[in-house]
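The structure under discussion appears below in the form of structure tokens.
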Amino acid sequence: MSSTSSTAELSDVTLRSGIDRSLRHPVMFFLTSAAAWLAVSILLAIVASVKVHWPQFMDDCEYASYGRVFAAHTNTLIYGWGFQAGFGVLIWLMARMSRQECRAAGTILTAGHVWNLVVSLGTLGLLDGRGTGMPWMEFPAFVWPGLLLCYLTIVVWSFIQFRVRKGERTHVAQWYLLAAMIWFPWIFITANGLLFCASGHPLMAAAINAWFKSALMFLYFIPIALGTAYYLAPKLSGRPIPSTSLARLGFWSLAVVAPWAGMQKLAGSPLSGVFLPYLGAAATALLAIPLVTAAANILRTIFSSEEKLPKSPALHFTLAGLMGLLLLAVAAIALNLPGSSLKLTQFSISGYGFEILALYGCFSFMMFGAVYFIVPRITCSEWVSSRFINMHFFFSVYGIVAIAFGALFGGFIQGSAQEAWLQPWESVTDVVRPYAAVSTFAWCVILFSNIFFFIHLAMMWMGLGRRDSNPILLDSPADMSAPIPQPNP
Amino acid sequence: MSLRLFILGLAASFGLAWLFVVIVPFVKMRNLEPITLSKETDGAVGIFYPKRSGRIVNGAKVYAENGCYLCHTQVVRPTYAGNDMFRADWAGLAKDPERGDTRRETNAYDFEGETFAQIGSSRMGPDLSNLARRLEAAAAAKGGGDPATLLYAHLYDPRRSPEARKATCPSYRFLFTRHEIKGQPSSQALPFGGDATTELLPDSDAKALVSYLLAMKKDQPVPAALNFAPAEAKAAAR
């Protein structure tokens, strides 16, 4: 009996390490190039943010003009960092959960290189003044077909792995990841096809663009973040997910509500369907239900463990990401109340705060958690310094809290100043300035935190990781010698 | 749940919203019908289908490429959605010397000639729906002059005039080139920055952008079907 189970365990370990080995190069490639793009995006964010409160900064340089730099910042954050971090985590999670080795590492790696090339060309085109002027779709028009082809080439293998998976039961993490994989091309082709290839009414084009932004956030980035958290939480706590029905409710309510959201950006504009923006506002507020449901379920998984959990970096980042998710749920309601808050936040920096909260405060934190979990497994070495991870964690948290509160709250102040129509317009510019300064400071803090991440990741990539069987923990070094409860591999 | 059922569920939940908020409105708004005017309500017959003059396509491209939409909006919301209408010079002019109060909401015909309505992201700067009307009024207040010159000066150095010293608008100096004066100085030259032999002239992109911005006069009278002003204001306008 015991020999059968140990044989099964051994073959299990062999299978897992086989999967890790087969994906080693694509996953490391995506994670390292994502980190490099994150650095680029943060630098661009700092330049853009400085220019809001100090417009003379680099004023003579055409390529550092605010309008171009800001667009380059958001687009590199999304297509450079977000997508590639997502790819790295997604292909690994899907392979592990389908228990299938990757047989197309070379193809994925090639597509990954092309993706980077296309994003680089797009960014250069943007800075050179060839942007399209549609938020989150600012890359020149030749970019989107390239991105789509690369995406399909990278992700199709995970879909095939799922089809031929071992075992009938599916994990809730797989629902989210699989759904994100299917939703994204649908959203991307719809928005780019209608905006670049079909001629419609200019206002409807703007509405579709607003819908695209929201759909990309809530039907691609947030599902990947939730899938990752649903995978990591049971692994880190050694407990099963407490409620399948809650998981199902969270997933399907997201699937039903999120596609209606986004058009609230056009509230009060003369669209044929005047109700569309208010439908979007209602749907965005309703998104609090799937977000809170999923967060509650994942938090219960983590805290249902009776013994004290080892303070692993993945756990810290996942918990912080869940806090970001809850804050996002609150903000989704607070920003979108027609008749009170929507008119204040519609054209204010709150929108930026909301997007950064979703992309960095929730999605990126989950991705960091996954990176700290995955990289030791595929490089067969351990993270070197718990101090580096602590620096990354705490300064990232400080930075995102400053940006989120600064922009969300500052947007309300800005909106109130806009609505005070008896005051001269200049007062609006004046009230925004301090919040822009907060944003500059916060992006500098985030850059500082990520320097530790970049160095650490580069060390792991170069094979300088610790050769040790003990995973790194964030306790004081004294605790390191204590026996460590092993989380499930 | 099988994969097929799962995909069907996704297709149904996403497809429904996709159809009703994206595809159907897109097709419905694709060909906006001109409005037929009637004798009783509009005092005229024919159709309302406004045309905008100026280099709309080229100018909108420069506007998009340089990210003007990040800080400027182009929509005057109805009073239920914001206070834009109340500002004295956003929705039109509150005291136009000839037409009186010309303020009105933005309508779907105001974006004629563009491919993407630059609704805008965040209002760091003012709304531009009626920028040309404001500039004309400002030029008239300075004793006549070309509104284009004011706009060129703003694009070159937004903080030049003392009242705008706190402006956060970036400067677009790269849209201008220093030329040697040959014969007469150019009428389009900036009123500053030149010397005895050279002058600053706007490039093609700057001219397109200014032409586009000077077409921002979204306060022309509209037919009754689009006029949402209170009854007494309508009567006064009549």
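For the structure tokens, the naming scheme is as follows: chains receive sequential letters (A, B, ...) according to their order of presentation, residues are indexed from 1 within each chain, and ligands are indexed from 1 in presentation order.
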
- What residues in chain A have any atom no more than 7 Å from chain B when counting only C-alpha atoms, and can you write them as a PyMOL selection string? chain A and resi 52-53+55+59-60+62+65-68+129-133+200-206+208+255-256+259-260+267-272+276+343+347-349+419+421+425+429

- Message: I want to know what sits within 8 Å of Leu135 (chain B), based on only C-alpha atoms, with residues of the same chain fewer than 2 positions away left out; could you give that as a count of residues only?
- Response: 9

- Message: Using only C-alpha atoms, can you tell me which of A:Tyr63, A:Phe159, A:Tyr151, A:Trp92 comes closest to Leu127 (chain A)?
- Response: A:Tyr63

Please list as an mmCIF file with N, CA and C atoms, in the first residue's frame every residue within 12 Å of region 403-406 of chain A, counting only C-alpha atoms and excluding residues in the same chain fewer than 6 positions away.
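Output file result24.cif is given in full below:
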```cif
data_model
loop_
_atom_site.group_PDB
_atom_site.id
_atom_site.type_symbol
_atom_site.label_atom_id
_atom_site.label_comp_id
_atom_site.auth_asym_id
_atom_site.auth_seq_id
_atom_site.Cartn_x
_atom_site.Cartn_y
_atom_site.Cartn_z
ATOM 1 N N ALA A 45 5.719 56.914 -16.593
ATOM 2 C CA ALA A 45 4.707 57.452 -15.676
ATOM 3 C C ALA A 45 5.278 58.607 -14.868
ATOM 4 N N ILE A 46 6.527 58.463 -14.446
ATOM 5 C CA ILE A 46 7.138 59.529 -13.641
ATOM 6 C C ILE A 46 7.272 60.801 -14.489
ATOM 7 N N SER A 49 3.843 62.290 -15.037
ATOM 8 C CA SER A 49 3.271 62.855 -13.827
ATOM 9 C C SER A 49 3.972 64.154 -13.427
ATOM 10 N N GLY A 324 -6.466 45.034 -2.654
ATOM 11 C CA GLY A 324 -6.660 45.907 -3.823
ATOM 12 C C GLY A 324 -7.973 45.608 -4.511
ATOM 13 N N LEU A 327 -10.821 47.055 -2.497
ATOM 14 C CA LEU A 327 -10.852 48.507 -2.682
ATOM 15 C C LEU A 327 -11.420 48.850 -4.054
ATOM 16 N N LEU A 328 -11.063 48.035 -5.047
ATOM 17 C CA LEU A 328 -11.576 48.238 -6.402
ATOM 18 C C LEU A 328 -13.097 48.094 -6.419
ATOM 19 N N ALA A 331 -14.521 51.187 -4.949
ATOM 20 C CA ALA A 331 -14.385 52.303 -5.884
ATOM 21 C C ALA A 331 -15.361 52.168 -7.044
ATOM 22 N N SER A 348 -12.353 63.205 -14.529
ATOM 23 C CA SER A 348 -11.366 63.574 -13.520
ATOM 24 C C SER A 348 -10.310 62.488 -13.421
ATOM 25 N N ILE A 349 -9.302 62.727 -12.575
ATOM 26 C CA ILE A 349 -8.223 61.750 -12.441
ATOM 27 C C ILE A 349 -8.663 60.489 -11.681
ATOM 28 N N SER A 350 -9.900 60.467 -11.191
ATOM 29 C CA SER A 350 -10.398 59.242 -10.550
ATOM 30 C C SER A 350 -10.333 58.058 -11.491
ATOM 31 N N GLY A 351 -10.626 58.311 -12.768
ATOM 32 C CA GLY A 351 -10.621 57.222 -13.741
ATOM 33 C C GLY A 351 -9.252 56.580 -13.825
ATOM 34 N N TYR A 352 -8.215 57.424 -13.830
ATOM 35 C CA TYR A 352 -6.841 56.907 -13.863
ATOM 36 C C TYR A 352 -6.544 56.127 -12.587
ATOM 37 N N GLY A 353 -6.979 56.674 -11.446
ATOM 38 C CA GLY A 353 -6.769 55.982 -10.176
ATOM 39 C C GLY A 353 -7.416 54.603 -10.185
ATOM 40 N N PHE A 354 -8.616 54.544 -10.739
ATOM 41 C CA PHE A 354 -9.361 53.279 -10.811
ATOM 42 C C PHE A 354 -8.613 52.264 -11.672
ATOM 43 N N GLU A 355 -8.108 52.743 -12.826
ATOM 44 C CA GLU A 355 -7.400 51.840 -13.736
ATOM 45 C C GLU A 355 -6.104 51.334 -13.111
ATOM 46 N N ILE A 356 -5.365 52.239 -12.451
ATOM 47 C CA ILE A 356 -4.102 51.828 -11.848
ATOM 48 C C ILE A 356 -4.361 50.890 -10.671
ATOM 49 N N LEU A 357 -5.459 51.148 -9.962
ATOM 50 C CA LEU A 357 -5.817 50.247 -8.864
ATOM 51 C C LEU A 357 -6.094 48.844 -9.397
ATOM 52 N N ALA A 358 -6.793 48.757 -10.527
ATOM 53 C CA ALA A 358 -7.081 47.442 -11.111
ATOM 54 C C ALA A 358 -5.816 46.801 -11.656
ATOM 55 N N LEU A 359 -5.020 47.596 -12.397
ATOM 56 C CA LEU A 359 -3.874 47.014 -13.098
ATOM 57 C C LEU A 359 -2.695 46.770 -12.173
ATOM 58 N N TYR A 360 -2.456 47.680 -11.250
ATOM 59 C CA TYR A 360 -1.310 47.489 -10.356
ATOM 60 C C TYR A 360 -1.753 46.963 -8.992
ATOM 61 N N GLY A 361 -2.709 47.637 -8.397
ATOM 62 C CA GLY A 361 -3.124 47.288 -7.036
ATOM 63 C C GLY A 361 -3.699 45.894 -6.918
ATOM 64 N N CYS A 362 -4.344 45.408 -7.979
ATOM 65 C CA CYS A 362 -4.895 44.065 -7.908
ATOM 66 C C CYS A 362 -4.110 43.107 -8.805
ATOM 67 N N SER A 396 5.967 48.821 -2.712
ATOM 68 C CA SER A 396 4.888 48.724 -3.702
ATOM 69 C C SER A 396 3.547 49.046 -3.062
ATOM 70 N N VAL A 397 3.354 48.539 -1.855
ATOM 71 C CA VAL A 397 2.086 48.815 -1.170
ATOM 72 C C VAL A 397 1.957 50.305 -0.870
ATOM 73 N N PHE A 412 -12.358 63.446 -7.022
ATOM 74 C CA PHE A 412 -13.589 64.028 -6.465
ATOM 75 C C PHE A 412 -13.423 65.533 -6.255
ATOM 76 N N ILE A 413 -12.236 65.923 -5.747
ATOM 77 C CA ILE A 413 -11.980 67.346 -5.534
ATOM 78 C C ILE A 413 -11.988 68.085 -6.875
ATOM 79 N N GLN A 414 -11.298 67.454 -7.856
ATOM 80 C CA GLN A 414 -11.231 68.052 -9.185
ATOM 81 C C GLN A 414 -12.636 68.187 -9.783
ATOM 82 N N VAL A 431 -6.363 72.839 -8.112
ATOM 83 C CA VAL A 431 -6.619 71.779 -7.136
ATOM 84 C C VAL A 431 -6.019 70.449 -7.572
ATOM 85 N N VAL A 432 -5.781 70.261 -8.869
ATOM 86 C CA VAL A 432 -5.223 68.978 -9.324
ATOM 87 C C VAL A 432 -3.741 68.878 -8.992
ATOM 88 N N ARG A 433 -3.077 70.031 -8.995
ATOM 89 C CA ARG A 433 -1.618 70.040 -8.884
ATOM 90 C C ARG A 433 -1.054 69.231 -7.702
ATOM 91 N N PRO A 434 -1.563 69.420 -6.475
ATOM 92 C CA PRO A 434 -0.992 68.626 -5.375
ATOM 93 C C PRO A 434 -1.153 67.128 -5.571
ATOM 94 N N TYR A 435 -2.274 66.708 -6.174
ATOM 95 C CA TYR A 435 -2.474 65.268 -6.365
ATOM 96 C C TYR A 435 -1.531 64.717 -7.425
ATOM 97 N N ALA A 436 -1.200 65.574 -8.411
ATOM 98 C CA ALA A 436 -0.212 65.143 -9.401
ATOM 99 C C ALA A 436 1.146 64.969 -8.728
ATOM 100 N N ALA A 437 1.456 65.857 -7.780
ATOM 101 C CA ALA A 437 2.726 65.731 -7.059
ATOM 102 C C ALA A 437 2.741 64.438 -6.246
ATOM 103 N N VAL A 438 1.610 64.098 -5.614
ATOM 104 C CA VAL A 438 1.515 62.833 -4.882
ATOM 105 C C VAL A 438 1.767 61.668 -5.830
ATOM 106 N N SER A 439 1.180 61.761 -7.034
ATOM 107 C CA SER A 439 1.324 60.683 -8.002
ATOM 108 C C SER A 439 2.789 60.523 -8.435
ATOM 109 N N THR A 440 3.483 61.638 -8.654
ATOM 110 C CA THR A 440 4.905 61.555 -9.008
ATOM 111 C C THR A 440 5.682 60.842 -7.913
ATOM 112 N N PHE A 441 5.429 61.277 -6.686
ATOM 113 C CA PHE A 441 6.137 60.689 -5.551
ATOM 114 C C PHE A 441 5.841 59.187 -5.484
ATOM 115 N N ALA A 442 4.566 58.841 -5.653
ATOM 116 C CA ALA A 442 4.169 57.433 -5.532
ATOM 117 C C ALA A 442 4.811 56.577 -6.624
ATOM 118 N N TRP A 443 4.872 57.101 -7.847
ATOM 119 C CA TRP A 443 5.506 56.315 -8.918
ATOM 120 C C TRP A 443 6.993 56.142 -8.640
ATOM 121 N N CYS A 444 7.630 57.161 -8.024
ATOM 122 C CA CYS A 444 9.050 57.014 -7.672
ATOM 123 C C CYS A 444 9.204 55.897 -6.636
ATOM 124 N N VAL A 445 8.275 55.848 -5.660
ATOM 125 C CA VAL A 445 8.333 54.795 -4.645
ATOM 126 C C VAL A 445 8.146 53.426 -5.298
ATOM 127 N N ILE A 446 7.220 53.355 -6.254
ATOM 128 C CA ILE A 446 6.968 52.075 -6.928
ATOM 129 C C ILE A 446 8.188 51.662 -7.752
#
```

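Between CA of Leu194 (chain A) and CA of Val143 (chain A) the separation is 15.3 Å.
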
- Item | Within 12 Å of Lys207 (chain B) using only C-alpha atoms, minus same-chain residues under 5 positions, as a PyMOL selection string | chain B and resi 54-56+58-60+62-63+148-149+151-152+155+175-176+188-189+201-202+212-214
